[in-house]
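For reference, entry-v4.txt (compact mmCIF, C-alpha atoms and all ligand atoms):
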# COMPACT_ATOMS: atom_id res chain seq x y z
CA MET L 1 0.00 0.00 0.00
CA ALA L 2 1.30 3.40 -0.91
CA VAL L 3 1.83 5.89 1.87
CA GLN L 4 3.36 8.98 0.39
CA GLN L 5 4.66 10.79 3.47
CA ALA L 6 6.83 7.95 4.78
CA ASP L 7 9.50 10.56 5.45
CA ARG L 8 7.60 12.31 8.24
CA ILE L 9 7.27 11.02 11.79
CA ILE L 10 4.36 12.53 13.72
CA MET L 11 3.48 11.96 17.37
CA HIS L 12 0.08 12.55 18.94
CA LEU L 13 -0.25 12.94 22.70
CA ASP L 14 -3.50 12.76 24.64
CA MET L 15 -3.85 12.83 28.41
CA ASP L 16 -5.73 9.95 30.04
CA TYR L 17 -9.18 10.80 31.52
CA PHE L 18 -7.77 14.28 31.90
CA PHE L 19 -10.15 16.31 34.15
CA ALA L 20 -10.81 13.28 36.35
CA ALA L 21 -7.09 12.47 36.53
CA VAL L 22 -6.31 15.98 37.77
CA GLU L 23 -9.05 15.58 40.39
CA GLU L 24 -7.57 12.23 41.50
CA ARG L 25 -4.20 13.87 41.84
CA ARG L 26 -5.70 16.51 44.15
CA ARG L 27 -7.54 13.89 46.22
CA PRO L 28 -5.53 10.66 46.13
CA GLU L 29 -8.21 8.97 48.28
CA LEU L 30 -10.37 8.88 45.13
CA LYS L 31 -7.99 6.54 43.31
CA GLY L 32 -9.59 3.21 42.51
CA ARG L 33 -13.11 4.61 42.87
CA PRO L 34 -15.37 5.77 40.04
CA VAL L 35 -14.96 9.56 39.58
CA VAL L 36 -17.25 11.69 37.40
CA VAL L 37 -16.47 15.34 36.58
CA GLY L 38 -19.32 17.50 35.32
CA ALA L 39 -22.60 19.10 36.30
CA ASP L 40 -24.13 18.62 39.76
CA PRO L 41 -26.09 15.32 39.62
CA LYS L 42 -28.57 16.52 42.30
CA GLU L 43 -29.35 12.94 43.30
CA GLY L 44 -30.36 12.08 39.74
CA LYS L 45 -32.39 15.24 39.10
CA GLY L 46 -29.45 17.34 37.88
CA ARG L 47 -29.32 18.88 34.43
CA GLY L 48 -26.17 19.26 32.36
CA VAL L 49 -23.67 16.66 31.26
CA VAL L 50 -20.64 14.58 32.17
CA SER L 51 -17.38 16.31 31.15
CA THR L 52 -15.37 13.16 31.67
CA CYS L 53 -14.91 10.31 34.09
CA ASN L 54 -12.13 7.95 35.11
CA TYR L 55 -11.78 4.40 33.79
CA GLU L 56 -13.49 2.88 36.86
CA ALA L 57 -16.58 4.98 36.07
CA ARG L 58 -16.39 3.97 32.40
CA LYS L 59 -16.86 0.35 33.49
CA PHE L 60 -20.39 1.41 34.52
CA GLY L 61 -21.03 2.78 31.02
CA ILE L 62 -20.54 6.46 31.89
CA ARG L 63 -19.14 8.60 29.05
CA SER L 64 -18.29 12.25 28.22
CA GLY L 65 -21.31 14.21 27.05
CA MET L 66 -23.84 11.88 28.71
CA PRO L 67 -26.60 13.57 30.79
CA ILE L 68 -25.42 13.68 34.39
CA SER L 69 -28.79 12.23 35.47
CA ARG L 70 -28.06 9.13 33.36
CA ALA L 71 -24.61 8.82 34.95
CA TRP L 72 -26.26 8.90 38.37
CA GLN L 73 -28.62 6.08 37.33
CA LEU L 74 -25.65 4.00 36.18
CA CYS L 75 -23.45 4.64 39.21
CA PRO L 76 -24.87 6.66 42.11
CA GLN L 77 -21.94 5.66 44.32
CA ALA L 78 -19.38 7.50 42.14
CA ALA L 79 -17.66 10.66 43.36
CA TYR L 80 -19.30 13.54 41.46
CA LEU L 81 -17.06 16.60 41.16
CA PRO L 82 -17.66 20.01 39.60
CA VAL L 83 -15.48 21.29 36.76
CA ASP L 84 -12.46 23.22 38.04
CA PHE L 85 -11.28 24.54 34.73
CA THR L 86 -8.50 26.76 36.05
CA MET L 87 -6.75 23.79 37.59
CA TYR L 88 -6.99 21.73 34.39
CA ARG L 89 -5.73 24.63 32.31
CA ASP L 90 -2.71 25.09 34.56
CA ALA L 91 -1.89 21.38 34.27
CA SER L 92 -2.37 21.58 30.50
CA GLU L 93 0.10 24.44 30.26
CA GLU L 94 2.76 22.48 32.15
CA ILE L 95 2.21 19.44 29.96
CA MET L 96 2.52 21.44 26.74
CA ASN L 97 5.70 23.05 28.05
CA THR L 98 7.15 19.60 28.66
CA ALA L 99 6.25 18.59 25.10
CA ARG L 100 7.89 21.76 23.75
CA LYS L 101 11.12 20.90 25.53
CA HIS L 102 11.39 17.68 23.53
CA ALA L 103 9.86 18.27 20.13
CA ARG L 104 10.78 20.87 17.58
CA LYS L 105 7.17 21.60 16.68
CA VAL L 106 4.17 21.22 18.96
CA GLU L 107 0.60 21.94 17.92
CA GLN L 108 -1.86 21.95 20.78
CA VAL L 109 -5.27 20.92 19.49
CA SER L 110 -7.32 20.72 22.67
CA ILE L 111 -6.84 21.14 26.39
CA ASP L 112 -5.23 17.70 26.70
CA GLU L 113 -3.97 16.95 23.21
CA ALA L 114 -1.09 17.90 20.93
CA TYR L 115 0.66 16.85 17.76
CA MET L 116 4.44 16.90 17.61
CA ASP L 117 6.62 16.71 14.56
CA ALA L 118 9.40 14.25 15.33
CA THR L 119 10.72 13.88 11.79
CA ASP L 120 14.13 15.21 12.80
CA VAL L 121 14.79 12.35 15.24
CA GLY L 122 15.31 10.21 12.16
CA SER L 123 13.73 6.82 12.89
CA TYR L 124 10.70 5.18 14.48
CA ASP L 125 12.93 3.58 17.12
CA LYS L 126 14.26 6.95 18.17
CA ALA L 127 10.76 8.47 18.07
CA LEU L 128 9.59 5.71 20.41
CA ARG L 129 12.40 6.51 22.86
CA LEU L 130 11.51 10.21 22.66
CA ALA L 131 7.85 9.42 23.35
CA GLU L 132 8.90 7.34 26.36
CA ARG L 133 10.92 10.27 27.68
CA ILE L 134 7.99 12.65 27.28
CA ARG L 135 5.60 10.22 28.96
CA GLN L 136 8.04 9.71 31.83
CA GLU L 137 8.64 13.42 32.30
CA ILE L 138 4.90 14.18 32.40
CA ARG L 139 4.49 11.41 34.95
CA ASP L 140 7.40 12.67 37.09
CA SER L 141 6.59 16.36 36.96
CA GLN L 142 2.79 16.25 36.80
CA ASN L 143 1.94 12.89 38.31
CA LEU L 144 -0.44 12.29 35.38
CA THR L 145 -0.49 9.65 32.66
CA CYS L 146 -0.83 10.16 28.94
CA SER L 147 -0.95 8.06 25.80
CA ILE L 148 1.09 8.72 22.69
CA GLY L 149 0.66 7.54 19.11
CA ILE L 150 3.43 7.57 16.52
CA GLY L 151 2.83 7.42 12.78
CA PRO L 152 3.62 8.86 9.36
CA ASN L 153 1.02 11.65 9.67
CA LYS L 154 -1.50 13.23 12.04
CA LEU L 155 -4.32 10.89 11.09
CA VAL L 156 -2.42 7.67 11.71
CA ALA L 157 -0.73 9.05 14.86
CA LYS L 158 -4.10 9.92 16.39
CA ILE L 159 -5.56 6.55 15.50
CA ALA L 160 -2.49 5.00 17.16
CA THR L 161 -3.09 6.96 20.39
CA ASP L 162 -6.72 5.84 20.54
CA MET L 163 -5.77 2.20 19.99
CA LYS L 164 -4.22 1.78 23.39
CA LYS L 165 -5.11 3.84 26.44
CA PRO L 166 -4.33 4.61 29.24
CA ASP L 167 -0.59 5.07 29.78
CA ALA L 168 0.51 3.50 26.50
CA ILE L 169 2.62 4.28 23.46
CA THR L 170 1.55 2.83 20.11
CA THR L 171 3.46 3.00 16.84
CA ILE L 172 1.94 2.49 13.41
CA LYS L 173 4.63 2.52 10.72
CA PRO L 174 3.62 3.22 7.13
CA ASP L 175 3.76 -0.45 6.16
CA GLU L 176 1.55 -1.38 9.15
CA VAL L 177 -1.42 0.78 8.15
CA ARG L 178 -3.04 -2.11 6.30
CA GLN L 179 -2.74 -4.53 9.20
CA LYS L 180 -3.50 -2.13 12.08
CA VAL L 181 -5.79 0.54 10.64
CA TRP L 182 -7.85 -1.21 7.99
CA PRO L 183 -9.74 -3.50 10.40
CA LEU L 184 -11.05 -0.44 12.33
CA SER L 185 -14.53 0.99 11.82
CA VAL L 186 -14.87 3.97 9.44
CA GLY L 187 -16.09 6.05 12.40
CA LYS L 188 -12.45 6.37 13.52
CA LEU L 189 -11.70 8.64 10.57
CA LEU L 190 -11.73 12.39 10.99
CA GLY L 191 -15.07 13.80 9.82
CA VAL L 192 -16.91 10.48 9.67
CA GLY L 193 -19.75 10.99 12.13
CA LYS L 194 -22.74 8.75 12.79
CA LYS L 195 -24.60 10.04 9.72
CA THR L 196 -21.75 9.48 7.25
CA ALA L 197 -20.97 6.11 8.83
CA GLY L 198 -24.62 5.18 8.22
CA ARG L 199 -24.46 6.18 4.56
CA LEU L 200 -21.24 4.24 4.10
CA ARG L 201 -22.81 1.21 5.75
CA GLU L 202 -25.65 1.35 3.21
CA MET L 203 -22.94 1.14 0.55
CA GLY L 204 -21.53 -1.96 2.26
CA ILE L 205 -18.56 -0.09 3.72
CA ARG L 206 -17.93 -0.75 7.40
CA THR L 207 -14.20 -0.79 7.96
CA ILE L 208 -11.47 1.61 6.92
CA GLY L 209 -10.15 -1.22 4.75
CA ASP L 210 -13.53 -1.47 2.95
CA LEU L 211 -13.29 2.26 2.29
CA ALA L 212 -9.70 2.04 1.03
CA ALA L 213 -10.71 -0.73 -1.39
CA SER L 214 -13.76 1.17 -2.71
CA ASP L 215 -13.83 2.79 -6.10
CA VAL L 216 -12.99 6.44 -5.59
CA SER L 217 -15.29 7.72 -8.35
CA MET L 218 -18.19 5.81 -6.82
CA LEU L 219 -17.39 7.43 -3.43
CA MET L 220 -17.25 10.86 -5.06
CA ALA L 221 -20.57 10.29 -6.81
CA GLU L 222 -22.15 9.47 -3.44
CA LEU L 223 -20.37 11.90 -1.13
CA GLY L 224 -18.79 14.58 -3.33
CA THR L 225 -15.28 15.76 -2.52
CA MET L 226 -15.63 14.27 0.97
CA GLY L 227 -15.69 10.88 -0.73
CA TYR L 228 -12.27 11.60 -2.20
CA GLU L 229 -10.92 12.79 1.15
CA PHE L 230 -12.21 9.73 3.00
CA HIS L 231 -10.61 7.49 0.38
CA GLN L 232 -7.27 9.27 0.83
CA MET L 233 -7.51 8.99 4.62
CA ALA L 234 -8.47 5.32 4.44
CA ASN L 235 -5.27 4.77 2.49
CA GLY L 236 -3.33 6.40 5.31
CA MET L 237 -2.72 9.64 3.42
CA ASP L 238 -2.86 12.92 5.27
CA GLU L 239 -0.64 15.84 4.32
CA ARG L 240 -1.65 18.26 7.08
CA PRO L 241 1.47 19.78 8.65
CA VAL L 242 2.02 20.18 12.39
CA GLU L 243 1.39 23.86 12.87
CA GLU L 244 2.89 25.32 15.94
CA TYR L 245 1.71 28.40 17.66
CA TRP L 246 3.14 29.85 20.82
CA GLU L 247 0.59 30.97 23.28
CA PRO L 248 1.26 34.55 24.21
CA LYS L 249 1.10 35.14 27.94
CA SER L 250 -0.77 38.41 27.58
CA ILE L 251 -1.83 41.12 25.18
CA SER L 252 -1.20 44.71 26.26
CA ARG L 253 -1.02 48.30 25.10
CA GLU L 254 0.26 51.34 26.95
CA VAL L 255 0.82 54.95 26.15
CA THR L 256 3.08 57.63 27.62
CA PHE L 257 1.55 61.06 27.18
CA GLU L 258 3.64 63.80 25.62
CA LYS L 259 2.49 66.01 28.45
CA ASP L 260 1.26 64.61 31.77
CA VAL L 261 -2.54 64.51 31.90
CA ASN L 262 -4.89 65.46 34.70
CA ASP L 263 -8.19 65.31 32.85
CA ALA L 264 -10.27 62.29 33.94
CA ASN L 265 -12.37 62.36 30.77
CA MET L 266 -9.35 62.25 28.55
CA LEU L 267 -7.83 59.39 30.56
CA THR L 268 -11.06 57.42 30.40
CA GLU L 269 -11.21 57.94 26.68
CA MET L 270 -7.61 56.75 26.31
CA LEU L 271 -8.41 53.60 28.32
CA GLY L 272 -11.25 52.93 25.89
CA GLN L 273 -8.85 53.34 22.97
CA LEU L 274 -6.20 51.05 24.46
CA SER L 275 -8.87 48.47 25.28
CA ARG L 276 -10.01 48.56 21.67
CA GLU L 277 -6.50 47.76 20.42
CA VAL L 278 -6.02 44.96 22.96
CA HIS L 279 -9.44 43.58 22.07
CA LYS L 280 -8.70 43.62 18.36
CA GLU L 281 -5.50 41.65 18.81
CA ALA L 282 -7.27 39.12 21.04
CA ILE L 283 -10.05 38.59 18.49
CA ASP L 284 -7.62 38.43 15.56
CA SER L 285 -5.62 35.69 17.26
CA SER L 286 -8.71 33.78 18.59
CA TYR L 287 -8.21 34.41 22.28
CA SER L 288 -10.64 35.00 25.08
CA PHE L 289 -9.30 36.33 28.36
CA ARG L 290 -10.07 36.28 32.05
CA THR L 291 -7.83 38.87 33.65
CA VAL L 292 -7.74 42.60 32.98
CA THR L 293 -4.87 44.69 34.33
CA LEU L 294 -4.60 48.45 34.50
CA LYS L 295 -1.28 50.24 34.76
CA ILE L 296 -0.94 53.85 35.84
CA ARG L 297 2.25 55.88 36.20
CA PHE L 298 2.07 59.30 37.81
CA SER L 299 4.24 62.28 36.86
CA ASP L 300 6.68 61.45 39.70
CA PHE L 301 7.01 57.87 38.32
CA GLU L 302 4.99 56.34 41.14
CA THR L 303 3.52 53.29 39.36
CA HIS L 304 0.50 51.13 40.16
CA THR L 305 -0.95 48.04 38.54
CA LYS L 306 -4.35 46.63 39.44
CA SER L 307 -5.86 43.43 38.11
CA ARG L 308 -9.27 41.89 38.15
CA THR L 309 -10.20 38.39 37.06
CA ILE L 310 -13.62 38.14 35.48
CA ASN L 311 -15.62 35.40 33.77
CA ILE L 312 -13.95 34.28 30.59
CA THR L 313 -14.89 36.69 27.81
CA ASN L 314 -13.87 38.27 24.55
CA SER L 315 -16.17 41.27 24.94
CA TYR L 316 -14.78 44.74 24.25
CA GLU L 317 -17.31 46.31 26.61
CA LEU L 318 -16.27 44.12 29.53
CA LEU L 319 -12.60 44.78 28.90
CA ALA L 320 -13.00 48.56 28.65
CA GLU L 321 -15.45 48.80 31.58
CA THR L 322 -13.18 46.74 33.82
CA ALA L 323 -10.13 48.85 32.91
CA LYS L 324 -12.06 52.07 33.60
CA GLU L 325 -13.35 50.78 36.93
CA LEU L 326 -9.86 49.77 37.99
CA ALA L 327 -8.67 53.26 37.09
CA LYS L 328 -11.31 55.14 39.10
CA PRO L 329 -9.39 55.35 42.39
CA PHE L 330 -6.45 56.94 40.54
CA LEU L 331 -8.41 59.60 38.70
CA THR L 332 -8.83 61.92 41.65
CA GLY L 333 -6.79 64.70 40.11
CA ARG L 334 -4.35 64.51 43.02
CA LYS L 335 -1.42 63.98 40.67
CA ALA L 336 -1.02 64.20 36.91
CA ILE L 337 -0.62 60.95 35.02
CA ARG L 338 2.28 60.14 32.75
CA LEU L 339 1.38 56.67 31.42
CA VAL L 340 -1.65 54.37 31.22
CA GLY L 341 -1.80 50.77 30.05
CA VAL L 342 -4.33 47.97 29.61
CA LYS L 343 -3.48 44.28 29.59
CA ALA L 344 -5.57 41.15 28.95
CA SER L 345 -4.08 37.93 30.33
CA ASN L 346 -5.11 34.45 31.42
CA LEU L 347 -5.69 33.87 27.74
CA VAL L 348 -7.71 30.94 26.49
CA TYR L 349 -7.39 29.88 22.88
CA ASN L 350 -10.73 29.31 21.11
CA TYR L 351 -10.29 25.94 19.43
CA GLY L 352 -12.80 26.13 16.60
CA GLN L 353 -15.94 24.17 17.30
CA LYS L 354 -15.52 22.86 20.77
CA SER L 355 -13.79 25.81 22.32
CA VAL L 356 -12.32 25.84 25.77
CA GLY L 357 -14.68 28.76 26.35
CA GLU L 358 -17.62 26.46 25.84
CA PHE L 359 -16.38 24.07 28.49
CA MET L 360 -16.10 27.10 30.76
CA ALA L 361 -19.58 28.25 29.85
CA GLN L 362 -21.03 25.24 31.66
CA PRO L 363 -22.47 26.56 34.90
CA GLN L 364 -19.74 26.66 37.51
CA GLN L 365 -20.51 25.14 40.84
CA GLU L 366 -19.06 26.23 44.11
CA THR L 367 -19.01 22.99 46.04
CA SER L 368 -17.97 19.47 45.30
CA HIS L 369 -20.34 16.56 45.50
CA LEU L 370 -18.41 13.85 47.25
CA PRO L 371 -20.70 11.33 48.88
CA ASP L 372 -20.11 11.03 52.61
CA ASN L 373 -18.28 7.73 52.33
CA PHE L 374 -15.47 9.27 50.26
P1 LIG R 401 -10.66 13.64 25.95
O1 LIG R 401 -9.19 13.57 25.68
O2 LIG R 401 -11.59 13.37 24.84
O3 LIG R 401 -11.05 12.59 27.10
P2 LIG R 401 -10.31 12.24 28.45
O4 LIG R 401 -8.94 12.83 28.51
O5 LIG R 401 -11.20 12.60 29.59
O6 LIG R 401 -10.23 10.66 28.39
P3 LIG R 401 -9.29 9.76 27.46
O7 LIG R 401 -8.43 8.99 28.41
O8 LIG R 401 -10.23 8.88 26.72
O9 LIG R 401 -8.53 10.67 26.58
O10 LIG R 401 -11.04 15.05 26.53
C1 LIG R 401 -10.15 15.81 27.33
C2 LIG R 401 -10.92 16.58 28.38
O11 LIG R 401 -11.85 17.46 27.75
C3 LIG R 401 -11.75 15.70 29.30
O12 LIG R 401 -10.98 15.22 30.40
C4 LIG R 401 -12.86 16.62 29.71
C5 LIG R 401 -13.03 17.56 28.53
N1 LIG R 401 -14.22 17.16 27.75
C6 LIG R 401 -15.45 17.75 28.04
O13 LIG R 401 -15.54 18.61 28.93
N2 LIG R 401 -16.55 17.38 27.33
C7 LIG R 401 -16.51 16.40 26.35
O14 LIG R 401 -17.54 16.07 25.73
C8 LIG R 401 -15.23 15.80 26.06
C9 LIG R 401 -15.11 14.74 24.99
C10 LIG R 401 -14.12 16.22 26.77
MG MG R 402 -7.68 12.66 26.88
MG MG R 403 -8.24 14.76 24.17
Kindly transcribe the structure held in the file into structure tokens.
Amino acid sequence: MAVQQADRIIMHLDMDYFFAAVEERRRPELKGRPVVVGADPKEGKGRGVVSTCNYEARKFGIRSGMPISRAWQLCPQAAYLPVDFTMYRDASEEIMNTARKHARKVEQVSIDEAYMDATDVGSYDKALRLAERIRQEIRDSQNLTCSIGIGPNKLVAKIATDMKKPDAITTIKPDEVRQKVWPLSVGKLLGVGKKTAGRLREMGIRTIGDLAASDVSMLMAELGTMGYEFHQMANGMDERPVEEYWEPKSISREVTFEKDVNDANMLTEMLGQLSREVHKEAIDSSYSFRTVTLKIRFSDFETHTKSRTINITNSYELLAETAKELAKPFLTGRKAIRLVGVKASNLVYNYGQKSVGEFMAQPQQETSHLPDNF
């Protein structure tokens, strides 16, 4: 079978039962028990869904995205914990930093997932040793487990990760695609949802191998250009590069006035202007933010910064209003002002469809829901 990009080596890393694993780390007494992270189950009457659960809870049939009331029916004795997104995001940042220490290019694709380009290590054996180092370092520094897949492209690497979890490394070399990937169901391919899988089934196509062996013009007649893409993928072909971006720590603008200013209206207007520029950069680079910081320097160089953390947002109004509110105590006219600045930090990247912001948008709960026996 022809795999054209045999010269690339791509790794895919995904943390194991991520939110629940971070919760277990915080409360080691939970280890070995079913743990569900998500909405408040309210003794089976709760609304909202399961974010994730550990492998013990999965044995009861609980899954991400399932109504929390259903999870309660399946396993009322589980520990039910609210989503503590800040803690998971901090862990995610540490994990991605570890990955960046080892791989030349790292593309984070979700809170617990990244692709790495390991072409420059030169061989699959060396890539495996590199993956082992990364897994070990995440375990040592974060006390969390991950799974890593290694393959000739993103598609095959991700399929490899999913093949063996938790705490596993799986390699699929180009000449193993036929043996390891073809027996899998078509649903494993990117973009093949339940509906497309159903249509393919009607055409007698169930496995990735069936798809690879199908006539490409027949697939295109049925599914349009998607048919062509699925056929390519089924043959293990995926040219998408690993695209790295470095998460900026903050976005800020400041201005030093030519002449010190004592006019509150003018300062407020300038804060609005600076907020607009910060906001534009955040939107252009797909970031929401949680923390707004104001910086003020008086004519005698006395400098103050004040921060406020708000609900995650990408609203200009919220940014500007928060900056102006933070500035109020300084606009008494007591001293002239030399410099003002506005900063947005605690940035959260909006990952297309299922953005981190959406996870955050789930109602936050204040308390945890550990049953008494935990
Ligand atoms: P996943 O990597 O899909 O799942 P997981 O890490 O919990 O488990 P696995 O071992 O199978 O990889 O998602 C990462 C995190 O994203 C997950 O811990 C919680 C969150 N998440 C949701 O909040 N809602 C969802 O529907 C999914 C799929 C994930
Ligand atoms: Mg995961
Ligand atoms: Mg994931």
Name the residues in contact with stretch 163-165 of chain L at a cut-off of 10 Å, using all atoms listed in the file, excluding same-chain residues fewer than 3 positions from it; report them as a list in words. Asp14, Met15, Asp16, Tyr17, Tyr55, Thr145, Cys146, Ser147, Ile148, Gly149, Ala157, Lys158, Ile159, Ala160, Ala168, Ile169, Thr170, Thr171, Lys180, Val181 and Leu184 of chain L
Kindly export the residues of the current selection with C-alpha atoms, as a JSON list (two decimals), keeping the file's coordinate frame.
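After the write, result35.json holds the following:
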[["chain", "number", "residue", "atom", "x", "y", "z"],
["L", 14, "ASP", "CA", -3.50, 12.76, 24.64],
["L", 15, "MET", "CA", -3.85, 12.83, 28.41],
["L", 16, "ASP", "CA", -5.73, 9.95, 30.04],
["L", 17, "TYR", "CA", -9.18, 10.80, 31.52],
["L", 55, "TYR", "CA", -11.78, 4.40, 33.79],
["L", 145, "THR", "CA", -0.49, 9.65, 32.66],
["L", 146, "CYS", "CA", -0.83, 10.16, 28.94],
["L", 147, "SER", "CA", -0.95, 8.06, 25.80],
["L", 148, "ILE", "CA", 1.09, 8.72, 22.69],
["L", 149, "GLY", "CA", 0.66, 7.54, 19.11],
["L", 157, "ALA", "CA", -0.73, 9.05, 14.86],
["L", 158, "LYS", "CA", -4.10, 9.92, 16.39],
["L", 159, "ILE", "CA", -5.56, 6.55, 15.50],
["L", 160, "ALA", "CA", -2.49, 5.00, 17.16],
["L", 168, "ALA", "CA", 0.51, 3.50, 26.50],
["L", 169, "ILE", "CA", 2.62, 4.28, 23.46],
["L", 170, "THR", "CA", 1.55, 2.83, 20.11],
["L", 171, "THR", "CA", 3.46, 3.00, 16.84],
["L", 180, "LYS", "CA", -3.50, -2.13, 12.08],
["L", 181, "VAL", "CA", -5.79, 0.54, 10.64],
["L", 184, "LEU", "CA", -11.05, -0.44, 12.33]]
Ligand LIG 401 (chain R): which residues are within 8 Å, counting only C-alpha atoms and all ligand atoms, as a PyMOL selection string? chain L and resi 14-21+37-38+50-55+64-65+110-113+146-147+162+165-166+359
Dump as a CSV table (one decimal), keeping the file's coordinate frame, selection limited to C-alpha atoms:
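Result went into result-v1.csv, see below:
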chain,number,residue,atom,x,y,z
L,14,ASP,CA,-3.5,12.8,24.6
L,15,MET,CA,-3.8,12.8,28.4
L,16,ASP,CA,-5.7,10.0,30.0
L,17,TYR,CA,-9.2,10.8,31.5
L,18,PHE,CA,-7.8,14.3,31.9
L,19,PHE,CA,-10.2,16.3,34.2
L,20,ALA,CA,-10.8,13.3,36.4
L,21,ALA,CA,-7.1,12.5,36.5
L,37,VAL,CA,-16.5,15.3,36.6
L,38,GLY,CA,-19.3,17.5,35.3
L,50,VAL,CA,-20.6,14.6,32.2
L,51,SER,CA,-17.4,16.3,31.2
L,52,THR,CA,-15.4,13.2,31.7
L,53,CYS,CA,-14.9,10.3,34.1
L,54,ASN,CA,-12.1,8.0,35.1
L,55,TYR,CA,-11.8,4.4,33.8
L,64,SER,CA,-18.3,12.2,28.2
L,65,GLY,CA,-21.3,14.2,27.0
L,110,SER,CA,-7.3,20.7,22.7
L,111,ILE,CA,-6.8,21.1,26.4
L,112,ASP,CA,-5.2,17.7,26.7
L,113,GLU,CA,-4.0,17.0,23.2
L,146,CYS,CA,-0.8,10.2,28.9
L,147,SER,CA,-1.0,8.1,25.8
L,162,ASP,CA,-6.7,5.8,20.5
L,165,LYS,CA,-5.1,3.8,26.4
L,166,PRO,CA,-4.3,4.6,29.2
L,359,PHE,CA,-16.4,24.1,28.5
Env of stretch 344-348 of chain L: 10 Å cut, atoms = all atoms listed in the file, seq-sep filter 3 positions within chain, self excluded. Answer as a PyMOL selection string. chain L and resi 86+89+111+247-253+275+278-279+282+286-294+307-309+312-314+319+323+351+355-357
Go ahead and compute the interatomic distance for atom CA of L:Lys126 and atom CA of L:Arg178, in Å to one decimal. 22.9 Å
Which residue, L:Ser92, L:Thr305, L:Asn153, L:Gln73, has the smallest gap to ligand MG 402 (chain R) when you use all atoms listed in the file?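 That would be L:Ser92, the residue with the smallest distance to ligand MG 402 (chain R).
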Between L:Val109, L:Ala71, L:Val121, L:Ile134, which has the minimum distance to ligand MG 403 (chain R) (counting only C-alpha atoms and all ligand atoms)?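 Distance minimum relative to ligand MG 403 (chain R) lands on L:Val109.
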So which one's closest to ligand MG 402 (chain R), L:Thr161, L:Asn350, L:Asn97, L:Gln179? Using only C-alpha atoms and all ligand atoms, please.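 The closest residue to ligand MG 402 (chain R) is L:Thr161.
Comparing the minimum interatomic distances between ligand MG 403 (chain R) and each of L:Val177, L:Ala114, L:Leu200, L:Leu190, counting all atoms listed in the file, we find that L:Ala114 sits nearest.
Remark: for ligand MG 402 (chain R), the closest of the candidate residues L:Leu13, L:Ala131, L:Ile337, L:Ala264 is L:Leu13 (distances computed over all atoms listed in the file).
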What does the structure give for the distance between atom CA of L:Ala79 and atom CA of L:Val35, in Å to one decimal? 4.8 Å
Extract, using all atoms listed in the file, all DNA, RNA and protein residues at most 9 Å from L:Ala197, discarding same-chain residues fewer than 4 positions from it, and format them as a list in words.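 In the requested format, the answer is Ser185, Val186, Gly187, Val192, Gly193, Arg201, Glu202, Ile205 and Arg206 of chain L.
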Reconstruct stretch 266-277 of chain L at the level of N, CA and C atoms, and format the result as a PDB file, in the coordinates of the input.
ATOM      1  N   MET L 266     -10.313  62.607  29.578  1.00  0.00           N
ATOM      2  CA  MET L 266      -9.350  62.250  28.550  1.00  0.00           C
ATOM      3  C   MET L 266      -8.706  60.896  28.881  1.00  0.00           C
ATOM      4  N   LEU L 267      -8.429  60.668  30.159  1.00  0.00           N
ATOM      5  CA  LEU L 267      -7.830  59.390  30.560  1.00  0.00           C
ATOM      6  C   LEU L 267      -8.797  58.235  30.306  1.00  0.00           C
ATOM      7  N   THR L 268     -10.056  58.463  30.630  1.00  0.00           N
ATOM      8  CA  THR L 268     -11.060  57.420  30.400  1.00  0.00           C
ATOM      9  C   THR L 268     -11.158  57.108  28.914  1.00  0.00           C
ATOM     10  N   GLU L 269     -11.137  58.143  28.119  1.00  0.00           N
ATOM     11  CA  GLU L 269     -11.210  57.940  26.680  1.00  0.00           C
ATOM     12  C   GLU L 269      -9.999  57.149  26.175  1.00  0.00           C
ATOM     13  N   MET L 270      -8.831  57.466  26.709  1.00  0.00           N
ATOM     14  CA  MET L 270      -7.610  56.750  26.310  1.00  0.00           C
ATOM     15  C   MET L 270      -7.687  55.287  26.712  1.00  0.00           C
ATOM     16  N   LEU L 271      -8.262  55.006  27.898  1.00  0.00           N
ATOM     17  CA  LEU L 271      -8.410  53.600  28.320  1.00  0.00           C
ATOM     18  C   LEU L 271      -9.321  52.845  27.361  1.00  0.00           C
ATOM     19  N   GLY L 272     -10.356  53.541  26.873  1.00  0.00           N
ATOM     20  CA  GLY L 272     -11.250  52.930  25.890  1.00  0.00           C
ATOM     21  C   GLY L 272     -10.492  52.602  24.612  1.00  0.00           C
ATOM     22  N   GLN L 273      -9.647  53.510  24.198  1.00  0.00           N
ATOM     23  CA  GLN L 273      -8.850  53.340  22.970  1.00  0.00           C
ATOM     24  C   GLN L 273      -7.863  52.166  23.101  1.00  0.00           C
ATOM     25  N   LEU L 274      -7.162  52.143  24.234  1.00  0.00           N
ATOM     26  CA  LEU L 274      -6.200  51.050  24.460  1.00  0.00           C
ATOM     27  C   LEU L 274      -6.917  49.706  24.526  1.00  0.00           C
ATOM     28  N   SER L 275      -8.086  49.706  25.186  1.00  0.00           N
ATOM     29  CA  SER L 275      -8.870  48.470  25.280  1.00  0.00           C
ATOM     30  C   SER L 275      -9.269  47.996  23.892  1.00  0.00           C
ATOM     31  N   ARG L 276      -9.597  48.939  23.017  1.00  0.00           N
ATOM     32  CA  ARG L 276     -10.010  48.560  21.670  1.00  0.00           C
ATOM     33  C   ARG L 276      -8.861  47.857  20.923  1.00  0.00           C
ATOM     34  N   GLU L 277      -7.664  48.373  21.097  1.00  0.00           N
ATOM     35  CA  GLU L 277      -6.500  47.760  20.420  1.00  0.00           C
ATOM     36  C   GLU L 277      -6.193  46.370  20.990  1.00  0.00           C
TER      37      GLU L 277
END
